[in-house]
Structures are given as C-alpha cells and as structure tokens.
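Quick look at structure_5.cif (mmCIF, C-alpha atoms):
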data_final
#
loop_
_atom_site.label_atom_id
_atom_site.label_comp_id
_atom_site.auth_asym_id
_atom_site.auth_seq_id
_atom_site.Cartn_x
_atom_site.Cartn_y
_atom_site.Cartn_z
CA MET A 1 -17.83 -34.97 59.07
CA SER A 2 -15.36 -32.08 59.08
CA ASN A 3 -15.10 -29.80 62.14
CA SER A 4 -16.49 -26.82 60.21
CA LYS A 5 -19.58 -28.79 59.03
CA ARG A 6 -20.12 -30.17 62.55
CA GLU A 7 -20.01 -26.63 63.98
CA ASP A 8 -22.50 -25.39 61.39
CA LYS A 9 -24.91 -28.19 62.24
CA GLU A 10 -24.62 -27.51 65.97
CA GLU A 11 -25.21 -23.80 65.39
CA ASP A 12 -28.38 -24.56 63.44
CA MET A 13 -29.58 -26.80 66.28
CA VAL A 14 -29.17 -23.92 68.74
CA ILE A 15 -31.63 -21.81 66.76
CA THR A 16 -34.18 -24.43 65.82
CA THR A 17 -34.49 -26.64 68.92
CA LYS A 18 -35.17 -26.07 72.59
CA THR A 19 -33.93 -29.36 73.95
CA THR A 20 -30.21 -29.31 73.26
CA LYS A 21 -27.65 -28.57 75.94
CA GLU A 22 -26.26 -25.66 73.92
CA ASN A 23 -29.70 -24.02 73.72
CA ASN A 24 -30.23 -24.41 77.48
CA VAL A 25 -26.95 -22.62 78.11
CA LEU A 26 -27.91 -19.78 75.77
CA ARG A 27 -31.33 -19.35 77.38
CA ASN A 28 -29.71 -18.93 80.78
CA THR A 29 -27.72 -15.87 79.76
CA SER A 30 -28.93 -12.49 78.55
CA TYR A 31 -26.27 -12.61 75.85
CA GLY A 32 -27.65 -15.94 74.70
CA ASN A 33 -31.17 -14.47 74.41
CA LEU A 34 -29.89 -11.64 72.27
CA GLN A 35 -27.93 -14.07 70.11
CA VAL A 36 -30.91 -16.33 69.45
CA GLU A 37 -33.23 -13.37 68.83
CA ALA A 38 -30.73 -11.78 66.46
CA ARG A 39 -30.38 -15.00 64.49
CA ALA A 40 -34.16 -15.51 64.33
CA SER A 41 -34.66 -11.89 63.33
CA SER A 42 -32.03 -12.20 60.62
CA THR A 43 -33.72 -15.33 59.23
CA LEU A 44 -37.11 -13.59 59.25
CA GLU A 45 -35.70 -10.53 57.50
CA ILE A 46 -34.17 -12.69 54.78
CA GLU A 47 -37.45 -14.54 54.27
CA ILE A 48 -39.45 -11.30 54.11
CA GLU A 49 -37.01 -9.77 51.66
CA ALA A 50 -37.28 -12.83 49.42
CA LYS A 51 -41.08 -12.68 49.53
CA LEU A 52 -41.11 -8.95 48.76
CA ASN A 53 -38.90 -9.55 45.73
CA GLN A 54 -41.25 -12.32 44.63
CA PHE A 55 -44.40 -10.19 44.94
CA ASN A 56 -43.13 -6.76 43.90
CA LYS A 57 -42.06 -6.88 40.28
CA PRO A 58 -39.55 -4.35 38.89
CA ALA A 59 -41.29 -1.03 38.24
CA VAL A 60 -40.99 1.08 35.11
CA LYS A 61 -42.45 3.95 37.14
CA SER A 62 -43.73 4.35 40.71
CA ILE A 63 -46.54 6.63 41.89
CA LYS A 64 -47.00 7.76 45.51
CA SER A 65 -50.71 7.97 46.18
CA GLY A 66 -52.17 10.60 48.47
CA ASP A 67 -53.49 7.87 50.77
CA GLY A 68 -50.00 6.44 51.32
CA ASP A 69 -50.13 3.59 48.80
CA MET A 70 -47.23 3.12 46.42
CA ILE A 71 -48.37 2.11 42.95
CA ASP A 72 -45.77 0.42 40.74
CA CYS A 73 -46.21 0.52 36.97
CA VAL A 74 -45.01 -2.94 35.92
CA ASP A 75 -44.39 -4.25 32.41
CA ILE A 76 -47.60 -6.05 31.45
CA TYR A 77 -45.67 -9.25 30.61
CA LYS A 78 -43.84 -9.21 33.97
CA GLN A 79 -46.96 -9.11 36.12
CA PRO A 80 -47.47 -11.80 38.82
CA GLY A 81 -50.06 -13.71 36.78
CA PHE A 82 -47.36 -15.15 34.55
CA ASP A 83 -45.73 -16.88 37.55
CA HIS A 84 -48.56 -19.45 37.47
CA PRO A 85 -47.18 -22.79 36.17
CA SER A 86 -49.96 -23.01 33.59
CA LEU A 87 -49.33 -19.50 32.25
CA LYS A 88 -45.59 -19.54 31.55
CA ASN A 89 -46.08 -19.14 27.79
CA HIS A 90 -49.47 -17.47 27.96
CA LYS A 91 -50.29 -14.86 25.33
CA ILE A 92 -52.38 -11.93 26.53
CA GLN A 93 -55.92 -12.16 25.16
CA MET A 94 -58.20 -9.50 23.69
CA ILE A 95 -61.74 -9.23 25.01
CA PRO A 96 -64.41 -10.14 22.44
CA ASP A 97 -66.35 -7.09 21.21
CA SER A 98 -69.60 -8.81 22.13
CA LEU A 99 -68.77 -8.53 25.83
CA LEU A 100 -68.60 -4.74 25.62
CA LYS A 101 -72.09 -4.30 24.17
CA HIS A 102 -74.30 -3.76 27.20
CA GLN A 103 -77.88 -2.60 27.41
CA ILE A 104 -78.18 -0.24 30.38
CA SER A 105 -81.51 0.44 32.08
CA ASN A 106 -82.12 2.90 34.89
CA THR A 107 -82.76 1.39 38.30
CA ILE A 108 -82.66 4.33 40.68
CA ASP A 109 -82.96 8.07 40.23
CA ALA A 110 -79.78 9.47 38.70
CA SER A 111 -79.90 12.38 41.12
CA GLN A 112 -79.36 9.93 43.96
CA SER A 113 -76.73 7.76 42.26
CA ASN A 114 -73.32 9.03 41.16
CA SER A 115 -71.89 5.99 39.43
CA GLU A 116 -69.58 7.89 37.07
CA ASN A 117 -67.95 9.85 39.91
CA VAL A 118 -66.32 6.90 41.67
CA PHE A 119 -62.58 6.64 41.06
CA GLN A 120 -59.41 5.40 42.77
CA THR A 121 -57.42 7.69 45.04
CA TRP A 122 -54.05 6.98 43.40
CA GLN A 123 -55.34 8.22 40.03
CA ARG A 124 -55.01 11.79 41.29
CA SER A 125 -51.25 11.38 41.58
CA GLY A 126 -50.23 10.07 38.16
CA THR A 127 -50.73 7.57 35.35
CA CYS A 128 -48.96 4.44 34.22
CA PRO A 129 -47.29 4.33 30.79
CA LYS A 130 -48.71 2.29 27.93
CA GLY A 131 -47.57 -1.33 28.12
CA THR A 132 -47.61 -1.38 31.94
CA ILE A 133 -50.19 -2.13 34.61
CA PRO A 134 -50.51 -0.51 38.07
CA ILE A 135 -49.86 -2.82 41.02
CA ARG A 136 -50.20 -1.77 44.64
CA ARG A 137 -46.82 -2.35 46.27
CA ILE A 138 -46.69 -4.87 49.11
CA LEU A 139 -44.73 -3.72 52.15
CA LYS A 140 -42.87 -5.50 54.92
CA GLU A 141 -45.61 -4.50 57.38
CA ASP A 142 -48.19 -6.26 55.21
CA PHE A 143 -46.34 -9.56 55.57
CA LEU A 144 -45.93 -9.11 59.31
CA ARG A 145 -49.72 -8.84 59.71
CA ALA A 146 -50.32 -12.06 57.77
CA ALA A 147 -51.13 -15.33 59.51
CA SER A 148 -48.42 -16.99 57.43
CA PHE A 149 -46.25 -16.07 54.45
CA ASP A 150 -47.60 -19.01 52.46
CA ARG A 151 -51.19 -17.77 52.76
CA PHE A 152 -50.54 -14.08 52.26
CA GLY A 153 -53.34 -12.54 50.21
CA MET A 154 -55.47 -15.68 50.29
CA LYS A 155 -59.02 -15.86 51.60
CA PRO A 156 -59.19 -18.05 54.73
CA PRO A 157 -60.62 -21.50 53.96
CA ALA A 158 -64.27 -21.99 54.80
CA ILE A 159 -64.70 -23.95 58.05
CA PHE A 160 -67.99 -25.84 57.89
CA LYS A 161 -69.77 -26.49 61.16
CA ASN A 162 -72.41 -28.93 59.90
CA SER A 163 -74.62 -29.68 56.91
CA THR A 164 -77.41 -27.24 57.81
CA ASN A 165 -78.95 -25.75 54.68
CA PRO A 166 -79.18 -21.93 55.02
CA TYR A 167 -81.70 -21.73 52.19
CA ASN A 168 -84.25 -23.87 54.02
CA LEU A 169 -83.25 -22.43 57.40
CA PHE A 170 -83.73 -18.76 56.51
CA SER A 171 -85.82 -18.92 53.36
CA PRO A 172 -88.27 -21.82 53.63
CA ASN A 173 -89.77 -21.16 50.20
CA LEU A 174 -86.55 -22.18 48.48
CA LYS A 175 -86.27 -25.96 48.29
CA THR A 176 -82.73 -27.20 47.89
CA SER A 177 -80.70 -29.54 50.03
CA ASN A 178 -77.02 -29.29 49.21
CA VAL A 179 -75.86 -25.95 50.64
CA ILE A 180 -74.04 -25.59 53.95
CA VAL A 181 -72.96 -22.63 56.08
CA PRO A 182 -69.31 -21.96 56.95
CA GLU A 183 -68.83 -20.90 60.55
CA ASN A 184 -66.13 -18.26 59.93
CA ARG A 185 -68.08 -16.03 57.52
CA SER A 186 -71.60 -14.66 57.34
CA ALA A 187 -73.33 -13.48 54.19
CA ALA A 188 -76.51 -11.72 53.09
CA TYR A 189 -77.11 -12.00 49.39
CA LEU A 190 -79.41 -12.47 46.42
CA VAL A 191 -78.95 -15.81 44.66
CA THR A 192 -79.95 -17.44 41.41
CA MET A 193 -79.02 -20.99 40.49
CA GLY A 194 -79.68 -23.96 38.27
CA TYR A 195 -78.70 -22.61 34.87
CA ASN A 196 -75.50 -22.22 32.89
CA TYR A 197 -74.51 -18.62 33.58
CA ILE A 198 -71.83 -16.96 31.48
CA GLY A 199 -71.93 -13.55 33.09
CA ALA A 200 -73.30 -11.34 35.84
CA GLU A 201 -73.13 -7.71 36.87
CA ALA A 202 -74.65 -5.09 39.17
CA ASP A 203 -74.22 -1.52 40.32
CA ILE A 204 -72.71 -1.91 43.80
CA ASN A 205 -73.39 0.90 46.27
CA VAL A 206 -70.06 2.04 47.80
CA TRP A 207 -69.78 2.47 51.59
CA ASN A 208 -67.10 2.36 54.28
CA PRO A 209 -68.39 0.02 57.03
CA ASN A 210 -66.70 -0.48 60.38
CA VAL A 211 -64.35 -3.43 60.88
CA ASP A 212 -64.12 -4.52 64.50
CA LEU A 213 -61.58 -7.30 65.15
CA PRO A 214 -57.98 -7.46 63.81
CA ASP A 215 -58.61 -10.46 61.53
CA ASP A 216 -62.08 -9.39 60.30
CA PHE A 217 -62.98 -8.11 56.87
CA THR A 218 -66.20 -7.12 55.11
CA THR A 219 -67.16 -7.13 51.44
CA ALA A 220 -69.87 -6.09 48.97
CA GLN A 221 -69.43 -8.27 45.92
CA ILE A 222 -70.60 -10.62 43.17
CA TRP A 223 -69.77 -14.33 43.14
CA LEU A 224 -69.98 -16.67 40.14
CA LYS A 225 -69.58 -20.28 41.26
CA ALA A 226 -69.32 -23.82 39.97
CA GLY A 227 -68.82 -27.14 41.76
CA SER A 228 -70.12 -28.38 45.11
CA ASP A 229 -70.60 -26.40 48.32
CA VAL A 230 -67.47 -27.66 50.04
CA GLY A 231 -65.40 -27.85 46.87
CA PHE A 232 -66.64 -24.92 44.82
CA GLU A 233 -64.66 -22.69 42.54
CA SER A 234 -65.47 -19.03 42.03
CA VAL A 235 -64.54 -15.72 40.51
CA GLU A 236 -65.45 -12.71 42.64
CA ALA A 237 -65.23 -8.93 42.58
CA GLY A 238 -66.51 -5.85 44.38
CA TRP A 239 -65.28 -3.67 47.21
CA MET A 240 -63.81 -4.62 50.57
CA VAL A 241 -62.55 -3.23 53.88
CA ASN A 242 -59.72 -5.49 55.06
CA PRO A 243 -57.24 -3.93 57.55
CA LYS A 244 -55.23 -7.13 57.95
CA LEU A 245 -54.47 -7.35 54.23
CA TYR A 246 -54.18 -3.66 53.36
CA GLY A 247 -53.13 -2.05 56.64
CA ASP A 248 -56.01 0.45 56.88
CA LYS A 249 -59.80 0.70 56.87
CA ALA A 250 -60.21 2.20 53.41
CA THR A 251 -62.83 0.86 50.99
CA ARG A 252 -60.90 -0.85 48.20
CA LEU A 253 -61.65 -2.45 44.85
CA PHE A 254 -60.87 -6.16 44.89
CA ALA A 255 -61.01 -9.26 42.74
CA SER A 256 -60.62 -12.83 43.96
CA TRP A 257 -60.78 -16.42 42.75
CA THR A 258 -60.42 -19.98 43.95
CA LYS A 259 -60.53 -23.45 42.47
CA ASP A 260 -61.02 -25.32 45.77
CA SER A 261 -63.02 -23.22 48.26
CA TYR A 262 -59.93 -21.14 49.17
CA VAL A 263 -58.06 -24.15 50.55
CA SER A 264 -54.93 -23.91 48.41
CA THR A 265 -55.71 -21.86 45.30
CA GLY A 266 -56.58 -18.27 44.50
CA CYS A 267 -56.17 -15.00 46.31
CA PHE A 268 -57.19 -11.35 46.44
CA ASP A 269 -56.09 -9.03 43.64
CA LEU A 270 -52.64 -9.87 42.23
CA THR A 271 -51.13 -11.34 45.41
CA CYS A 272 -50.79 -14.73 43.72
CA PRO A 273 -50.50 -15.83 40.08
CA GLY A 274 -53.71 -16.41 38.19
CA PHE A 275 -55.35 -13.13 37.16
CA ILE A 276 -54.03 -11.38 34.04
CA GLN A 277 -54.51 -7.62 34.11
CA VAL A 278 -54.62 -5.59 30.90
CA ASN A 279 -55.74 -2.15 32.09
CA PRO A 280 -53.09 0.56 32.82
CA ASP A 281 -55.53 2.76 34.75
CA VAL A 282 -57.06 0.48 37.41
CA ALA A 283 -55.18 -0.90 40.42
CA LEU A 284 -56.72 -3.89 42.18
CA GLY A 285 -56.54 -3.38 45.93
CA ALA A 286 -56.45 0.42 45.64
CA ALA A 287 -58.91 2.67 47.50
CA LEU A 288 -62.20 3.85 46.02
CA GLU A 289 -63.70 7.28 46.60
CA PRO A 290 -66.01 8.94 47.31
CA VAL A 291 -68.20 6.72 49.49
CA SER A 292 -71.89 7.05 50.26
CA SER A 293 -73.27 8.69 53.39
CA GLN A 294 -76.57 8.20 55.18
CA SER A 295 -79.31 10.38 53.72
CA GLY A 296 -76.58 12.02 51.61
CA ASP A 297 -75.08 11.41 48.19
CA GLN A 298 -75.08 7.81 47.04
CA TYR A 299 -72.22 6.39 44.97
CA ASP A 300 -72.04 3.08 43.16
CA ILE A 301 -69.72 1.28 40.79
CA ASN A 302 -70.79 -1.15 38.12
CA VAL A 303 -68.95 -4.48 38.37
CA GLY A 304 -69.35 -7.34 35.92
CA MET A 305 -67.69 -10.67 35.13
CA PHE A 306 -68.22 -12.36 31.77
CA TRP A 307 -67.16 -15.61 30.11
CA ASP A 308 -65.81 -15.86 26.57
CA ALA A 309 -65.81 -18.82 24.19
CA ASP A 310 -62.22 -19.71 25.15
CA GLY A 311 -63.24 -20.22 28.78
CA ASN A 312 -61.73 -17.01 30.17
CA TRP A 313 -63.63 -14.86 32.68
CA TRP A 314 -63.33 -11.09 32.15
CA LEU A 315 -63.62 -8.45 34.88
CA LEU A 316 -65.24 -5.18 33.76
CA LEU A 317 -65.99 -1.92 35.57
CA LYS A 318 -68.58 0.68 34.55
CA HIS A 319 -69.76 -1.62 31.73
CA ASP A 320 -66.83 -1.08 29.37
CA ILE A 321 -63.62 -0.65 31.39
CA VAL A 322 -61.78 -3.94 30.93
CA VAL A 323 -59.59 -4.71 33.98
CA GLY A 324 -58.35 -8.17 32.97
CA TYR A 325 -59.32 -11.82 33.06
CA TRP A 326 -58.94 -15.18 34.77
CA PRO A 327 -57.54 -17.51 32.05
CA SER A 328 -59.29 -20.80 31.45
CA LYS A 329 -56.04 -22.64 32.26
CA VAL A 330 -56.27 -21.75 35.97
CA LEU A 331 -59.93 -22.82 36.25
CA GLY A 332 -61.85 -26.08 36.25
CA SER A 333 -65.63 -26.28 35.80
CA LEU A 334 -65.83 -22.51 35.40
CA ARG A 335 -64.18 -22.90 32.01
CA HIS A 336 -67.62 -23.89 30.75
CA SER A 337 -70.05 -21.83 32.85
CA ALA A 338 -71.18 -20.98 36.36
CA ILE A 339 -74.17 -22.66 37.93
CA LEU A 340 -74.78 -20.16 40.73
CA VAL A 341 -74.58 -16.36 41.02
CA GLU A 342 -74.70 -14.36 44.26
CA TRP A 343 -74.90 -10.60 44.80
CA GLY A 344 -74.43 -9.22 48.31
CA GLY A 345 -72.10 -8.86 51.26
CA GLN A 346 -69.96 -11.08 53.43
CA VAL A 347 -68.27 -10.62 56.79
CA PHE A 348 -65.33 -12.81 57.74
CA SER A 349 -64.70 -13.22 61.48
CA SER A 350 -64.07 -15.85 64.12
CA ASN A 351 -66.94 -14.31 66.15
CA LEU A 352 -69.96 -15.33 64.10
CA LEU A 353 -72.82 -17.83 64.09
CA LYS A 354 -73.94 -18.03 67.72
CA THR A 355 -70.57 -16.88 69.09
CA THR A 356 -71.04 -14.41 71.96
CA PRO A 357 -70.13 -11.63 71.77
CA HIS A 358 -70.73 -11.39 68.04
CA THR A 359 -68.31 -9.25 66.05
CA ARG A 360 -69.25 -5.59 65.54
CA THR A 361 -67.86 -5.67 62.00
CA ALA A 362 -70.56 -4.18 59.80
CA MET A 363 -71.78 -5.26 56.37
CA GLY A 364 -72.79 -2.85 53.61
CA SER A 365 -73.59 0.55 55.13
CA GLY A 366 -73.79 -0.89 58.63
CA GLU A 367 -77.59 -0.56 58.59
CA HIS A 368 -80.16 -3.29 58.04
CA ALA A 369 -81.69 -3.75 54.62
CA SER A 370 -85.11 -2.48 55.68
CA SER A 371 -83.89 1.15 55.84
CA GLN A 372 -83.48 1.07 52.04
CA LEU A 373 -82.26 3.85 49.73
CA GLY A 374 -80.00 6.47 51.28
CA VAL A 375 -79.37 4.40 54.41
CA SER A 376 -78.92 0.74 53.41
CA CYS A 377 -76.40 -0.64 50.94
CA TYR A 378 -77.95 -1.68 47.65
CA MET A 379 -77.25 -3.42 44.38
CA GLY A 380 -79.09 -2.15 41.33
CA ARG A 381 -79.26 -3.28 37.71
CA VAL A 382 -78.76 -6.89 38.79
CA ARG A 383 -78.12 -8.89 35.64
CA ILE A 384 -77.15 -12.37 34.45
CA LYS A 385 -76.15 -13.65 31.05
CA ASP A 386 -76.84 -17.19 29.90
CA TYR A 387 -76.31 -18.95 26.61
CA SER A 388 -78.96 -16.72 25.05
CA ARG A 389 -76.14 -14.12 25.19
CA THR A 390 -78.59 -11.53 26.52
CA LEU A 391 -78.12 -9.52 29.70
CA LYS A 392 -81.31 -9.80 31.73
CA TYR A 393 -82.75 -9.79 35.21
CA PRO A 394 -82.67 -13.35 36.62
CA GLU A 395 -85.84 -15.35 36.19
CA PHE A 396 -85.70 -16.71 39.74
CA VAL A 397 -83.89 -14.98 42.62
CA TYR A 398 -83.98 -15.49 46.37
CA PRO A 399 -82.73 -13.21 49.17
CA ILE A 400 -80.71 -15.11 51.78
CA ALA A 401 -79.40 -14.03 55.18
CA GLU A 402 -77.28 -16.53 57.10
CA GLU A 403 -77.59 -14.47 60.32
CA PRO A 404 -80.77 -12.45 59.74
CA TYR A 405 -80.66 -10.71 63.13
CA CYS A 406 -77.10 -9.51 62.51
CA TYR A 407 -77.09 -8.95 58.73
CA ASN A 408 -80.18 -9.20 56.56
CA ALA A 409 -81.37 -9.03 52.97
CA LEU A 410 -84.35 -7.52 51.16
CA ASN A 411 -85.20 -7.66 47.47
CA ASP A 412 -87.44 -4.63 46.94
CA VAL A 413 -89.85 -5.64 44.17
CA LYS A 414 -92.47 -3.14 43.02
CA TYR A 415 -94.80 -3.35 40.08
CA GLY A 416 -93.44 -1.58 37.01
CA VAL A 417 -90.08 -0.81 38.61
CA GLU A 418 -86.96 -2.94 38.41
CA PRO A 419 -86.12 -4.56 41.77
CA VAL A 420 -83.35 -3.18 43.96
CA PHE A 421 -81.57 -5.52 46.35
CA TYR A 422 -80.66 -4.21 49.84
CA PHE A 423 -78.39 -5.96 52.32
CA GLY A 424 -76.25 -5.40 55.41
CA GLY A 425 -76.29 -4.75 59.12
CA PRO A 426 -74.17 -3.65 62.09
CA GLY A 427 -73.19 -7.08 63.38
CA GLN A 428 -73.49 -7.14 67.16
CA SER A 429 -76.71 -5.35 68.12
CA PRO A 430 -78.27 -6.66 71.37
CA PRO A 431 -80.62 -8.21 72.18
CA TYR A 432 -81.20 -9.86 68.79
CA CYS A 433 -77.54 -10.15 67.79
CA PRO A 434 -75.78 -10.27 71.20
#

Structure translated into structure tokens:
Amino acid sequence: MSNSKREDKEEDMVITTKTTKENNVLRNTSYGNLQVEARASSTLEIEIEAKLNQFNKPAVKSIKSGDGDMIDCVDIYKQPGFDHPSLKNHKIQMIPDSLLKHQISNTIDASQSNSENVFQTWQRSGTCPKGTIPIRRILKEDFLRAASFDRFGMKPPAIFKNSTNPYNLFSPNLKTSNVIVPENRSAAYLVTMGYNYIGAEADINVWNPNVDLPDDFTTAQIWLKAGSDVGFESVEAGWMVNPKLYGDKATRLFASWTKDSYVSTGCFDLTCPGFIQVNPDVALGAALEPVSSQSGDQYDINVGMFWDADGNWWLLLKHDIVVGYWPSKVLGSLRHSAILVEWGGQVFSSNLLKTTPHTRTAMGSGEHASSQLGVSCYMGRVRIKDYSRTLKYPEFVYPIAEEPYCYNALNDVKYGVEPVFYFGGPGQSPPYCP
C-alpha cells in the first residue's frame, strides 16, 4: 500500500472509530474535538445535500407561499414517482370518465358545511404552468428532524404488542378473529369489510388538533386495505398535523401508501417514488384552510380513492378534482381490489395503549364523538364502490375505538337521515385516560 493510501485509511479510522490510538489523541485535545466535529459535520452536510438533490427536482417555477412553504412547479415527467424501479418507462394514464360520475346526496345542512370553500394556502400566491405539478420543497431542517435519512417521509412501522382483537375487545357485536392492535398508534374509525371494494370516499371535516410530543402526529383519513393485519397494503388520504415531517402544526392534505405495513415501502405525499401526480393545482403536503371551530363554521373536504380496470388507484378531491394515482405496478393485492375500508382518525405516538402519562395529542377536533356536529369531527357522505360500480352507503359498518376513553367513535344513525360518523378525543384526560 502506498503512503498516501495508508494515510487516507488512517484518517478515515480517526473519524469512524473510537478505539484507535489516533482517535484517543484527538479526543484529548480541544483542537482534536474541533477536527473530528468538522469532519463529521462536513460528511453530514454532503449527505444532506445529496438527499435534497434527490428529493427536490429541478423547478420550472417556484412559488413562495404565505405560510412559508416553497412550492416548486416540476415538469410532470420529472416528478419523484418516476424514480421507482417499476416506473422507469411508465406512461402517464388518463382517468376513466366513469370515475368522475358521482351521485352526491346531502348529509348535513349546507349552512353548516362549507365544503367548496376549503383550499390550500399556497394557491393564493401563484399557479403552476401547464405540464408541471406543484411539489412542496423539502428543506435541510426537514431532514434534520427525521429519525433517519433512509426513512424520511415514511410512516413508522406498526409495532404489534400481541394478538388481541380490537373488534371483539371494543365492539363485541362484531365477530372476527384476525385483527391486532399496534402499540404505537391509536385509531377511532368506521369499518366495513368482507367484500371486493374498488372505491371509497367521504366528506372529511377539517380541524387543527393539538400535537403534544415531538414525534407525534394525528390524522383524519380514509384507508383502503388488502392483505393480512401484519402484512397489509393500503392506499390512504385525508388531512394530517405532523410537525416532525412538515416543521409546523398546520393542517395539511396528505396521501400515503404501503405494500408491507410501512416496513420498507411507501411514504407520505411525494417523499418517495410511487405516486404519480397529474394535477397542476394541488400540492400534497400543503396546508389546508380554513379549519372548523367549535360551535362555529364547519368546513369539510371530499376525499375519494377509486380503482380502474388497469389496477391503478386514483385520488380525487371534491368529487371531480383528479390529483393523481398509485400505479398498479407498485401494488400487490390492491391491483385487484380492497377487502377492507376504514374512515376515521389515527394518532401516532410512543405514549399510547396503557402508557402513563398518555400523550395529549388530540384526534379530530380534540373533542369526543358524543359532542357531535359543531364540536366533534365528522365524516359525512360515507360511500363505497364495489363491482356493481355504484357508489353507495356500506351495507355493514362498525364503529371501532382502540382506546375508547382517550379517542372514541360514534356512528349517528337516525331514521330517514343518512348516518354521520363522529370520531376523536383529546388524548390524555384523567381519570379515564391518565
């Protein structure tokens, strides 16, 4: 080995090990500390810069949103989705006309619901040109908050404590035996299962709940799932408050997917390849406004996900605004249909399920479901689509709450009126949720 190569190897050992003689010498001098820190910092900066270049595609135009977000208008064929190995030569699809023909029925009084008034903050500041899509720019600070660069933007894997069935535990009337509760998230939701579902939607009431701990987040969303409980795949969408991912406590539109229960595939928004966006006016991960207030104006946004005959799943807003789709090539069993649909909320935290103190991260409006319209978070116009190709209220639905004293669920069913599903809660609320 040449002297220069030997010196390079020894220099690397100084930075990466703590047992060499050279490293011990450096640690014993203030100059050595500065040298090691400078080298480590330099390596980190290089890694962050490489990741930023990977995530942030070249922009045709950039828009500075009033809330501080930077929205980059990126050529539609240069978006992150095409970095997926299965989508290298993918041709952007057109949504079938049949998926845009929706029958809308009124669920709640229009004077109390302002579904058409919900928009994204950045839209006040500009528009993206035709042939581009808006992507929220990822910043250095976003990476520094992440648990690891490799898992940036990914949902934490579900950690299962045991094989307890939440359906039988909290809803004894529902007889099923193959569902288990993860210990690092808690949900309250309406569920239907057992059929081949090719679509689902709902009007999701928009709120801005409190998030307590640094790693916590809270969602109001729809899940379409296939597979087993510990190995499911899903497509998901709704709104979320996630300070660790986004850097603030704003209520943001999100979409997510996974092929293996969040272990190694899928992510939020466009932070990994997989979702193909086609809309130039909607930015996944961007803030929604206005939000609802207790006993004040109520705002909701219609969210739907629908399957086409090629096995793609399409994300729609307000019934006919096409955001984009998850191509069949990135999916498994979902290429054919979903076997379970859930509507509701979820809180992620390490302080859940009999952990004391319980997190104070709220779900929905932060109030329990029993307070109902104007106070609780709701989902109206709950719909599924099966192979009959008709949007309809599910034949069988069940409200589930995995921690009913912390977050609960209520399906308000009245004769002659379409049901409205309420869910949520404040989290820690002694003595019942200590």

| field | Resolved residues for the PyMOL selection byres ((chain A and resi 72-83) around 10) as an MDAnalysis selection string | value | chainID A and resid 54:64 69:71 84:92 127:138 270:281 283 326:327

| request: Identify which of the residues A:Pro399, A:Pro243, A:Pro157, A:Pro290 lies closest to Arg145 of chain A, counting only C-alpha atoms when measuring atom-to-atom distances. | output: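 Counting only C-alpha atoms, the residue closest to Arg145 of chain A is A:Pro243.
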
| query | Could you state the separation of atom CA of Gly304 of chain A and atom CA of Asp203 of chain A in Å, given to one decimal place? | reply |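 Atom-to-atom, atom CA of Gly304 of chain A and atom CA of Asp203 of chain A are spaced 8.8 Å apart.
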
| If you apply the PyMOL selection byres ((chain A and resi 294) around 7) to this file, what residues do you get, as a VMD selection string? | chain A and resid 292 to 293 295 to 296 374 to 375

| task | Name the closest residue to Lys385 of chain A among the candidates A:Phe254, A:Phe306, A:Trp207, A:Phe217; distances are taken between atoms, counting all atoms listed in the file. | result |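 Closest to Lys385 of chain A of all the choices is A:Phe306.
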
| task | Work out how far atom CA of Asp300 of chain A is from atom CA of Pro404 of chain A, in Å to one decimal. | result |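 Computed distance, atom CA of Pro404 of chain A to atom CA of Asp300 of chain A, equals 24.3 Å.
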
Box for segment 88-91 of chain A - axis-aligned, 6 Å on each of the six sides, all listed atoms - centre and size in Å to one decimal, as JSON.
{"center_x": -47.9, "center_y": -17.2, "center_z": 28.4, "size_x": 16.7, "size_y": 16.7, "size_z": 18.2}

| task | Please evaluate the PyMOL selection byres ((chain A and resi 190-194) around 8) against the displayed coordinates and give the resulting residues as a ChimeraX atom specification. | result | /A:188-189,195-196,339-344,394,396-400,409,411,421

| task | For Leu317 of chain A, please output as an MDAnalysis selection string all residues within 7 Å (counting all atoms listed in the file; exclusion window: fewer than 4 positions along the same chain). | result | chainID A and resid 302:304 321:322

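Interatomic distance, atom CA of Met379 of chain A to atom CA of Asn351 of chain A: 26.4 Å.
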
| Hey, what's within 9 Å of Val241 of chain A if we count only C-alpha atoms and toss same-chain stuff fewer than 4 positions away? As number ranges by chain, please? | A: 208-211, 216-219, 246, 248-252

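Nearest-residue note for Gly266 of chain A: choosing from A:Ser376, A:Asn408, A:Gln346, A:Ser234, the minimum distance belongs to A:Ser234, counting all atoms listed in the file.
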
| Residue nearest Ser264 of chain A - candidates A:Leu213, A:Val230, A:Ala200, A:Met154, atoms counted: only C-alpha atoms |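 Checking each candidate against Ser264 of chain A, we get A:Met154 as the closest.
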
| request: Could you check which of A:Thr359, A:Thr258, A:Asn242, A:Thr265 is closest to Ala146 of chain A, using all atoms listed in the file? | output: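 When distances to Ala146 of chain A are compared using all atoms listed in the file, the smallest one comes from A:Asn242.
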
| Among the residues A:Ser350, A:Ser333, A:Asn53, A:Asn312, the one that comes closest to Leu139 of chain A [using all atoms listed in the file] |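 Of A:Ser350, A:Ser333, A:Asn53, A:Asn312, the one nearest Leu139 of chain A, counting all atoms listed in the file, is A:Asn53.
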
| task | List every protein, DNA or RNA residue that has an atom no more than 8 Å from (-71.9, -4.6, 59.4) in the file's coordinate frame, counting all atoms listed in the file, and report them as a PyMOL selection string. | result | chain A and resi 209-211+218+347+360-367+406-407+424-427

Missing atoms in segment 115-125 of chain A: can you complete it with N, CA and C atoms, as a compact mmCIF listing (two decimals), in the frame of the given file?
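Writing the result to result.txt gives the following:
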# COMPACT_ATOMS: atom_id res chain seq x y z
N SER A 115 -72.72 7.12 39.80
CA SER A 115 -71.89 5.99 39.43
C SER A 115 -70.64 6.41 38.66
N GLU A 116 -70.73 7.49 37.89
CA GLU A 116 -69.58 7.89 37.07
C GLU A 116 -68.54 8.66 37.88
N ASN A 117 -68.87 9.03 39.10
CA ASN A 117 -67.95 9.85 39.91
C ASN A 117 -67.01 9.04 40.78
N VAL A 118 -67.18 7.73 40.84
CA VAL A 118 -66.32 6.90 41.67
C VAL A 118 -65.00 6.64 40.94
N PHE A 119 -63.90 6.86 41.64
CA PHE A 119 -62.58 6.64 41.06
C PHE A 119 -61.65 6.11 42.15
N GLN A 120 -60.39 5.88 41.80
CA GLN A 120 -59.41 5.40 42.77
C GLN A 120 -58.49 6.54 43.19
N THR A 121 -58.18 6.58 44.47
CA THR A 121 -57.42 7.69 45.04
C THR A 121 -56.09 7.90 44.32
N TRP A 122 -55.38 6.85 44.00
CA TRP A 122 -54.05 6.98 43.40
C TRP A 122 -54.09 7.67 42.05
N GLN A 123 -55.24 7.64 41.37
CA GLN A 123 -55.34 8.22 40.03
C GLN A 123 -55.13 9.74 40.03
N ARG A 124 -55.28 10.36 41.18
CA ARG A 124 -55.01 11.79 41.29
C ARG A 124 -53.52 12.11 41.18
N SER A 125 -52.68 11.12 41.43
CA SER A 125 -51.25 11.38 41.58
C SER A 125 -50.42 11.03 40.35
